[in-house]
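S.K.: protein_4.cif is reproduced below (mmCIF, N, CA, C and O atoms).
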```cif
data_upload
#
loop_
_atom_site.label_atom_id
_atom_site.label_comp_id
_atom_site.auth_asym_id
_atom_site.auth_seq_id
_atom_site.Cartn_x
_atom_site.Cartn_y
_atom_site.Cartn_z
N SER A 1 65.04 91.07 118.87
CA SER A 1 66.29 90.37 119.11
C SER A 1 66.17 88.89 118.74
O SER A 1 67.12 88.28 118.28
N ARG A 2 64.99 88.32 118.92
CA ARG A 2 64.79 86.90 118.57
C ARG A 2 65.00 86.68 117.08
O ARG A 2 65.67 85.74 116.67
N VAL A 3 64.46 87.58 116.27
CA VAL A 3 64.61 87.46 114.81
C VAL A 3 66.09 87.57 114.41
O VAL A 3 66.58 86.81 113.58
N ILE A 4 66.79 88.49 115.03
CA ILE A 4 68.22 88.65 114.73
C ILE A 4 69.00 87.40 115.13
O ILE A 4 69.85 86.92 114.38
N ARG A 5 68.71 86.86 116.32
CA ARG A 5 69.39 85.63 116.77
C ARG A 5 69.12 84.48 115.81
O ARG A 5 70.03 83.72 115.48
N GLU A 6 67.88 84.34 115.37
CA GLU A 6 67.54 83.27 114.44
C GLU A 6 68.27 83.45 113.11
O GLU A 6 68.80 82.50 112.55
N TRP A 7 68.30 84.70 112.61
CA TRP A 7 69.01 84.97 111.36
C TRP A 7 70.50 84.64 111.52
O TRP A 7 71.09 83.98 110.67
N TYR A 8 71.10 85.08 112.63
CA TYR A 8 72.52 84.86 112.87
C TYR A 8 72.81 83.35 112.96
O TYR A 8 73.80 82.88 112.40
N ALA A 9 71.97 82.61 113.64
CA ALA A 9 72.15 81.17 113.76
C ALA A 9 72.11 80.51 112.38
O ALA A 9 72.92 79.63 112.07
N LYS A 10 71.20 80.93 111.53
CA LYS A 10 71.12 80.39 110.16
C LYS A 10 72.37 80.73 109.37
O LYS A 10 72.88 79.90 108.62
N GLN A 11 72.87 81.95 109.52
CA GLN A 11 74.09 82.35 108.81
C GLN A 11 75.28 81.50 109.26
O GLN A 11 76.10 81.09 108.44
N GLN A 12 75.37 81.24 110.55
CA GLN A 12 76.46 80.40 111.06
C GLN A 12 76.37 79.00 110.48
O GLN A 12 77.37 78.43 110.07
N LEU A 13 75.17 78.43 110.46
CA LEU A 13 75.01 77.09 109.91
C LEU A 13 75.41 77.06 108.44
O LEU A 13 76.09 76.14 107.99
N LEU A 14 74.99 78.07 107.68
CA LEU A 14 75.37 78.14 106.27
C LEU A 14 76.89 78.20 106.13
O LEU A 14 77.47 77.51 105.30
N TYR A 15 77.52 79.02 106.95
CA TYR A 15 78.97 79.16 106.88
C TYR A 15 79.65 77.82 107.16
O TYR A 15 80.53 77.40 106.43
N PHE A 16 79.24 77.15 108.23
CA PHE A 16 79.90 75.90 108.61
C PHE A 16 79.60 74.77 107.64
O PHE A 16 80.39 73.86 107.49
N GLU A 17 78.47 74.83 106.96
CA GLU A 17 78.16 73.80 105.97
C GLU A 17 78.93 74.04 104.67
O GLU A 17 79.30 73.10 103.99
N GLN A 18 79.20 75.30 104.33
CA GLN A 18 79.81 75.62 103.05
C GLN A 18 81.32 75.82 103.11
O GLN A 18 82.01 75.57 102.14
N ALA A 19 81.83 76.28 104.23
CA ALA A 19 83.27 76.57 104.32
C ALA A 19 84.07 75.27 104.42
O ALA A 19 83.70 74.37 105.16
N PRO A 20 85.15 75.19 103.66
CA PRO A 20 86.01 74.00 103.78
C PRO A 20 86.55 73.88 105.20
O PRO A 20 86.81 74.90 105.85
N VAL A 21 86.78 72.68 105.65
CA VAL A 21 87.21 72.46 107.04
C VAL A 21 88.47 73.24 107.36
O VAL A 21 88.58 73.84 108.41
N GLY A 22 89.44 73.29 106.48
CA GLY A 22 90.68 74.00 106.75
C GLY A 22 90.53 75.51 106.84
O GLY A 22 91.39 76.19 107.37
N VAL A 23 89.42 76.05 106.35
CA VAL A 23 89.19 77.49 106.35
C VAL A 23 88.43 77.92 107.60
O VAL A 23 88.53 79.06 108.03
N ARG A 24 87.73 77.02 108.21
CA ARG A 24 86.91 77.36 109.38
C ARG A 24 87.80 77.76 110.55
O ARG A 24 88.82 77.14 110.81
N PHE A 25 87.38 78.77 111.25
CA PHE A 25 88.14 79.20 112.43
C PHE A 25 87.50 78.63 113.69
O PHE A 25 88.13 77.95 114.46
N TRP A 26 86.22 78.90 113.89
CA TRP A 26 85.49 78.34 115.03
C TRP A 26 84.64 77.18 114.55
O TRP A 26 84.06 77.22 113.48
N GLN A 27 84.56 76.18 115.34
CA GLN A 27 83.69 75.06 115.05
C GLN A 27 82.36 75.28 115.77
O GLN A 27 82.34 75.83 116.87
N PRO A 28 81.24 74.84 115.20
CA PRO A 28 79.94 75.14 115.80
C PRO A 28 79.73 74.53 117.17
O PRO A 28 78.97 75.05 117.96
N LYS A 29 80.39 73.45 117.51
CA LYS A 29 80.14 72.81 118.81
C LYS A 29 80.93 73.44 119.95
O LYS A 29 80.74 73.08 121.10
N TYR A 30 81.82 74.36 119.66
CA TYR A 30 82.65 74.95 120.71
C TYR A 30 82.04 76.26 121.19
O TYR A 30 81.44 76.99 120.42
N HIS A 31 82.22 76.53 122.46
CA HIS A 31 81.67 77.75 123.04
C HIS A 31 82.54 78.17 124.23
O HIS A 31 83.30 77.38 124.76
N SER A 32 82.42 79.41 124.60
CA SER A 32 83.18 79.90 125.75
C SER A 32 82.45 79.54 127.04
O SER A 32 81.24 79.29 127.04
N PHE A 33 83.18 79.49 128.11
CA PHE A 33 82.58 79.28 129.42
C PHE A 33 83.47 79.93 130.47
O PHE A 33 84.66 80.13 130.25
N GLU A 34 82.88 80.27 131.60
CA GLU A 34 83.62 80.95 132.66
C GLU A 34 84.32 79.92 133.54
O GLU A 34 83.80 78.83 133.78
N ILE A 35 85.49 80.30 134.02
CA ILE A 35 86.28 79.44 134.90
C ILE A 35 86.30 80.09 136.28
O ILE A 35 86.66 81.26 136.41
N PHE A 36 85.95 79.32 137.29
CA PHE A 36 85.84 79.86 138.64
C PHE A 36 86.87 79.29 139.61
O PHE A 36 87.04 79.81 140.70
N GLU A 37 87.56 78.22 139.25
CA GLU A 37 88.48 77.57 140.18
C GLU A 37 89.88 77.50 139.59
O GLU A 37 90.06 77.30 138.38
N GLN A 38 90.89 77.66 140.45
CA GLN A 38 92.28 77.58 140.00
C GLN A 38 92.58 76.22 139.38
O GLN A 38 93.34 76.14 138.41
N LYS A 39 91.96 75.18 139.88
CA LYS A 39 92.17 73.84 139.32
C LYS A 39 91.79 73.80 137.84
O LYS A 39 92.50 73.21 137.01
N LYS A 40 90.69 74.46 137.48
CA LYS A 40 90.25 74.49 136.08
C LYS A 40 91.18 75.37 135.23
O LYS A 40 91.46 75.04 134.08
N VAL A 41 91.67 76.47 135.80
CA VAL A 41 92.64 77.30 135.09
C VAL A 41 93.88 76.47 134.75
O VAL A 41 94.36 76.47 133.61
N ASP A 42 94.39 75.74 135.73
CA ASP A 42 95.56 74.90 135.52
C ASP A 42 95.30 73.84 134.47
O ASP A 42 96.14 73.57 133.60
N GLU A 43 94.12 73.24 134.51
CA GLU A 43 93.74 72.21 133.52
C GLU A 43 93.74 72.79 132.11
O GLU A 43 94.28 72.17 131.17
N LYS A 44 93.14 73.96 131.94
CA LYS A 44 93.06 74.57 130.61
C LYS A 44 94.42 75.02 130.11
O LYS A 44 94.74 74.88 128.92
N LEU A 45 95.25 75.57 131.01
CA LEU A 45 96.60 75.96 130.61
C LEU A 45 97.40 74.74 130.15
O LEU A 45 98.09 74.79 129.13
N GLU A 46 97.31 73.65 130.89
CA GLU A 46 98.03 72.44 130.50
C GLU A 46 97.54 71.93 129.15
O GLU A 46 98.34 71.56 128.28
N TYR A 47 96.24 71.94 128.95
CA TYR A 47 95.67 71.51 127.67
C TYR A 47 96.22 72.35 126.53
O TYR A 47 96.68 71.83 125.51
N MET A 48 96.19 73.69 126.69
CA MET A 48 96.67 74.58 125.63
C MET A 48 98.17 74.40 125.40
O MET A 48 98.62 74.36 124.26
N HIS A 49 98.92 74.29 126.48
CA HIS A 49 100.37 74.15 126.35
C HIS A 49 100.75 72.84 125.66
O HIS A 49 101.78 72.78 124.98
N LEU A 50 99.96 71.81 125.82
CA LEU A 50 100.29 70.53 125.22
C LEU A 50 99.80 70.38 123.77
O LEU A 50 100.16 69.41 123.10
N ASN A 51 99.02 71.33 123.27
CA ASN A 51 98.55 71.24 121.88
C ASN A 51 99.69 71.06 120.87
O ASN A 51 99.62 70.17 120.03
N PRO A 52 100.75 71.87 120.91
CA PRO A 52 101.83 71.66 119.93
C PRO A 52 102.55 70.33 120.11
O PRO A 52 103.06 69.75 119.15
N VAL A 53 102.58 69.84 121.32
CA VAL A 53 103.20 68.53 121.58
C VAL A 53 102.35 67.43 120.96
O VAL A 53 102.86 66.56 120.24
N ARG A 54 101.04 67.48 121.19
CA ARG A 54 100.14 66.49 120.61
C ARG A 54 100.16 66.53 119.08
O ARG A 54 100.01 65.50 118.43
N ALA A 55 100.37 67.73 118.52
CA ALA A 55 100.40 67.88 117.07
C ALA A 55 101.76 67.50 116.48
O ALA A 55 101.93 67.52 115.27
N GLY A 56 102.72 67.16 117.33
CA GLY A 56 104.04 66.77 116.85
C GLY A 56 104.92 67.94 116.44
O GLY A 56 105.91 67.76 115.74
N LEU A 57 104.58 69.14 116.89
CA LEU A 57 105.35 70.33 116.53
C LEU A 57 106.49 70.61 117.50
O LEU A 57 107.39 71.39 117.19
N ALA A 58 106.43 70.00 118.68
CA ALA A 58 107.48 70.17 119.69
C ALA A 58 107.48 68.92 120.57
O ALA A 58 106.45 68.26 120.73
N LYS A 59 108.65 68.63 121.13
CA LYS A 59 108.73 67.47 122.03
C LYS A 59 108.20 67.81 123.42
O LYS A 59 107.64 66.97 124.08
N ARG A 60 108.42 69.08 123.83
CA ARG A 60 107.94 69.55 125.13
C ARG A 60 107.23 70.88 124.93
O ARG A 60 107.59 71.65 124.04
N ALA A 61 106.27 71.18 125.77
CA ALA A 61 105.52 72.43 125.64
C ALA A 61 106.44 73.65 125.71
O ALA A 61 106.24 74.62 124.97
N VAL A 62 107.45 73.61 126.56
CA VAL A 62 108.34 74.76 126.72
C VAL A 62 109.23 74.97 125.49
O VAL A 62 109.82 76.04 125.34
N ASP A 63 109.31 73.99 124.61
CA ASP A 63 110.12 74.12 123.39
C ASP A 63 109.38 74.83 122.26
O ASP A 63 109.99 75.26 121.30
N TRP A 64 108.06 74.93 122.35
CA TRP A 64 107.27 75.56 121.29
C TRP A 64 107.49 77.07 121.35
O TRP A 64 107.28 77.71 122.38
N GLN A 65 107.92 77.64 120.24
CA GLN A 65 108.33 79.05 120.18
C GLN A 65 107.26 80.02 120.67
O GLN A 65 107.56 81.01 121.31
N TRP A 66 106.00 79.76 120.36
CA TRP A 66 104.93 80.70 120.70
C TRP A 66 104.16 80.32 121.96
O TRP A 66 103.09 80.85 122.23
N SER A 67 104.70 79.43 122.74
CA SER A 67 103.99 78.95 123.92
C SER A 67 104.30 79.80 125.15
O SER A 67 105.44 80.24 125.35
N SER A 68 103.30 80.00 125.98
CA SER A 68 103.51 80.67 127.26
C SER A 68 103.97 79.68 128.32
O SER A 68 104.20 80.07 129.47
N ALA A 69 104.13 78.42 127.96
CA ALA A 69 104.54 77.40 128.93
C ALA A 69 105.87 77.75 129.59
O ALA A 69 106.08 77.46 130.77
N ARG A 70 106.79 78.38 128.84
CA ARG A 70 108.08 78.76 129.43
C ARG A 70 107.89 79.68 130.61
O ARG A 70 108.60 79.59 131.61
N TRP A 71 106.93 80.59 130.52
CA TRP A 71 106.70 81.52 131.62
C TRP A 71 106.01 80.81 132.79
O TRP A 71 106.42 80.94 133.93
N TYR A 72 104.96 80.05 132.49
CA TYR A 72 104.20 79.40 133.55
C TYR A 72 105.00 78.29 134.23
O TYR A 72 104.91 78.11 135.44
N LEU A 73 105.78 77.52 133.48
CA LEU A 73 106.47 76.37 134.05
C LEU A 73 107.89 76.67 134.50
O LEU A 73 108.38 76.05 135.45
N GLU A 74 108.56 77.62 133.83
CA GLU A 74 109.97 77.87 134.14
C GLU A 74 110.26 79.31 134.53
O GLU A 74 111.39 79.64 134.87
N GLY A 75 109.26 80.19 134.44
CA GLY A 75 109.46 81.59 134.79
C GLY A 75 110.30 82.35 133.78
O GLY A 75 110.80 83.43 134.07
N ARG A 76 110.47 81.81 132.57
CA ARG A 76 111.29 82.44 131.53
C ARG A 76 110.45 83.40 130.69
O ARG A 76 109.26 83.18 130.48
N ASP A 77 111.10 84.43 130.18
CA ASP A 77 110.45 85.42 129.32
C ASP A 77 109.98 84.77 128.02
O ASP A 77 110.66 83.91 127.47
N VAL A 78 108.79 85.20 127.55
CA VAL A 78 108.26 84.68 126.28
C VAL A 78 108.01 85.81 125.29
O VAL A 78 107.40 85.58 124.25
N GLY A 79 108.46 87.03 125.60
CA GLY A 79 108.31 88.14 124.68
C GLY A 79 107.10 89.03 124.91
O GLY A 79 107.03 90.11 124.36
N VAL A 80 106.15 88.57 125.69
CA VAL A 80 104.99 89.39 126.05
C VAL A 80 104.80 89.29 127.57
O VAL A 80 105.14 88.27 128.18
N LYS A 81 104.26 90.31 128.16
CA LYS A 81 104.04 90.32 129.59
C LYS A 81 102.89 89.39 129.96
O LYS A 81 101.81 89.46 129.37
N ILE A 82 103.13 88.53 130.90
CA ILE A 82 102.10 87.59 131.38
C ILE A 82 101.97 87.79 132.89
O ILE A 82 102.98 87.90 133.58
N GLU A 83 100.75 87.81 133.37
CA GLU A 83 100.50 87.93 134.80
C GLU A 83 99.51 86.86 135.22
O GLU A 83 98.61 86.51 134.46
N TRP A 84 99.70 86.34 136.41
CA TRP A 84 98.73 85.38 136.97
C TRP A 84 97.41 86.08 137.18
O TRP A 84 97.36 87.24 137.60
N ILE A 85 96.34 85.39 136.92
CA ILE A 85 94.99 85.93 137.16
C ILE A 85 94.54 85.45 138.52
O ILE A 85 94.56 84.26 138.81
N ASP A 86 94.15 86.39 139.38
CA ASP A 86 93.66 86.01 140.71
C ASP A 86 92.17 85.83 140.71
O ASP A 86 91.45 86.43 140.03
#
```
As structure tokens, please, write out the structure in this file.
M.R.:
Amino acid sequence: SRVIREWYAKQQLLYFEQAPVGVRFWQPKYHSFEIFEQKKVDEKLEYMHLNPVRAGLAKRAVDWQWSSARWYLEGRDVGVKIEWID
């Protein structure tokens, strides 16, 4: 498994060095992490909901067509079922 991990890490580095920035999907410095507190869930939701606002694509998070902010902030339907995570 160590050899496979080392090979995979080298492949990722090659990809990120060679792929144009606009083509890259994941950036090498980003990683997943577990969330254990509701405060952190709220923080991450707010961050995600404000991305289109920061990018100048919408004036408010609830105005962005593909945002779940309408459901979380206003209780309005967004076209897909959303449930609170306990």
S.K.: What does the distance between atom CA of Arg76 of chain A and atom CA of Gln38 of chain A come to in Å, to one decimal place?
M.R.: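 Computing it gives 21.4 Å between the two atoms.
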S.K.: In Å to one decimal, how far is atom CA of Trp64 of chain A from atom CA of Pro52 of chain A?
M.R.: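 Distance between the two atoms: 6.8 Å.
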S.K.: Quick check, in Å to one decimal: how far apart do atom CA of Gln11 of chain A and atom C of Glu34 of chain A lie?
M.R.: 26.9 Å
S.K.: On this structure, the PyMOL selection byres (((chain A and resi 81-83 and name CA) around 12) and name CA) would catch which residues? List them as a PyMOL selection string, sorted by chain and number.
M.R.: chain A and resi 67-72+75-80+84-86
S.K.: Using the selection just defined, write its residues with N, CA, C and O atoms as a PDB file, in the coordinates of the input.
M.R.:
```
ATOM      1  N   SER A  67     104.700  79.430 122.740  1.00  0.00           N
ATOM      2  CA  SER A  67     103.990  78.950 123.920  1.00  0.00           C
ATOM      3  C   SER A  67     104.300  79.800 125.150  1.00  0.00           C
ATOM      4  O   SER A  67     105.440  80.240 125.350  1.00  0.00           O
ATOM      5  N   SER A  68     103.300  80.000 125.980  1.00  0.00           N
ATOM      6  CA  SER A  68     103.510  80.670 127.260  1.00  0.00           C
ATOM      7  C   SER A  68     103.970  79.680 128.320  1.00  0.00           C
ATOM      8  O   SER A  68     104.200  80.070 129.470  1.00  0.00           O
ATOM      9  N   ALA A  69     104.130  78.420 127.960  1.00  0.00           N
ATOM     10  CA  ALA A  69     104.540  77.400 128.930  1.00  0.00           C
ATOM     11  C   ALA A  69     105.870  77.750 129.590  1.00  0.00           C
ATOM     12  O   ALA A  69     106.080  77.460 130.770  1.00  0.00           O
ATOM     13  N   ARG A  70     106.790  78.380 128.840  1.00  0.00           N
ATOM     14  CA  ARG A  70     108.080  78.760 129.430  1.00  0.00           C
ATOM     15  C   ARG A  70     107.890  79.680 130.610  1.00  0.00           C
ATOM     16  O   ARG A  70     108.600  79.590 131.610  1.00  0.00           O
ATOM     17  N   TRP A  71     106.930  80.590 130.520  1.00  0.00           N
ATOM     18  CA  TRP A  71     106.700  81.520 131.620  1.00  0.00           C
ATOM     19  C   TRP A  71     106.010  80.810 132.790  1.00  0.00           C
ATOM     20  O   TRP A  71     106.420  80.940 133.930  1.00  0.00           O
ATOM     21  N   TYR A  72     104.960  80.050 132.490  1.00  0.00           N
ATOM     22  CA  TYR A  72     104.200  79.400 133.550  1.00  0.00           C
ATOM     23  C   TYR A  72     105.000  78.290 134.230  1.00  0.00           C
ATOM     24  O   TYR A  72     104.910  78.110 135.440  1.00  0.00           O
ATOM     25  N   GLY A  75     109.260  80.190 134.440  1.00  0.00           N
ATOM     26  CA  GLY A  75     109.460  81.590 134.790  1.00  0.00           C
ATOM     27  C   GLY A  75     110.300  82.350 133.780  1.00  0.00           C
ATOM     28  O   GLY A  75     110.800  83.430 134.070  1.00  0.00           O
ATOM     29  N   ARG A  76     110.470  81.810 132.570  1.00  0.00           N
ATOM     30  CA  ARG A  76     111.290  82.440 131.530  1.00  0.00           C
ATOM     31  C   ARG A  76     110.450  83.400 130.690  1.00  0.00           C
ATOM     32  O   ARG A  76     109.260  83.180 130.480  1.00  0.00           O
ATOM     33  N   ASP A  77     111.100  84.430 130.180  1.00  0.00           N
ATOM     34  CA  ASP A  77     110.450  85.420 129.320  1.00  0.00           C
ATOM     35  C   ASP A  77     109.980  84.770 128.020  1.00  0.00           C
ATOM     36  O   ASP A  77     110.660  83.910 127.470  1.00  0.00           O
ATOM     37  N   VAL A  78     108.790  85.200 127.550  1.00  0.00           N
ATOM     38  CA  VAL A  78     108.260  84.680 126.280  1.00  0.00           C
ATOM     39  C   VAL A  78     108.010  85.810 125.290  1.00  0.00           C
ATOM     40  O   VAL A  78     107.400  85.580 124.250  1.00  0.00           O
ATOM     41  N   GLY A  79     108.460  87.030 125.600  1.00  0.00           N
ATOM     42  CA  GLY A  79     108.310  88.140 124.680  1.00  0.00           C
ATOM     43  C   GLY A  79     107.100  89.030 124.910  1.00  0.00           C
ATOM     44  O   GLY A  79     107.030  90.110 124.360  1.00  0.00           O
ATOM     45  N   VAL A  80     106.150  88.570 125.690  1.00  0.00           N
ATOM     46  CA  VAL A  80     104.990  89.390 126.050  1.00  0.00           C
ATOM     47  C   VAL A  80     104.800  89.290 127.570  1.00  0.00           C
ATOM     48  O   VAL A  80     105.140  88.270 128.180  1.00  0.00           O
ATOM     49  N   TRP A  84      99.700  86.340 136.410  1.00  0.00           N
ATOM     50  CA  TRP A  84      98.730  85.380 136.970  1.00  0.00           C
ATOM     51  C   TRP A  84      97.410  86.080 137.180  1.00  0.00           C
ATOM     52  O   TRP A  84      97.360  87.240 137.600  1.00  0.00           O
ATOM     53  N   ILE A  85      96.340  85.390 136.920  1.00  0.00           N
ATOM     54  CA  ILE A  85      94.990  85.930 137.160  1.00  0.00           C
ATOM     55  C   ILE A  85      94.540  85.450 138.520  1.00  0.00           C
ATOM     56  O   ILE A  85      94.560  84.260 138.810  1.00  0.00           O
ATOM     57  N   ASP A  86      94.150  86.390 139.380  1.00  0.00           N
ATOM     58  CA  ASP A  86      93.660  86.010 140.710  1.00  0.00           C
ATOM     59  C   ASP A  86      92.170  85.830 140.710  1.00  0.00           C
ATOM     60  O   ASP A  86      91.450  86.430 140.030  1.00  0.00           O
TER      61      ASP A  86
END
```
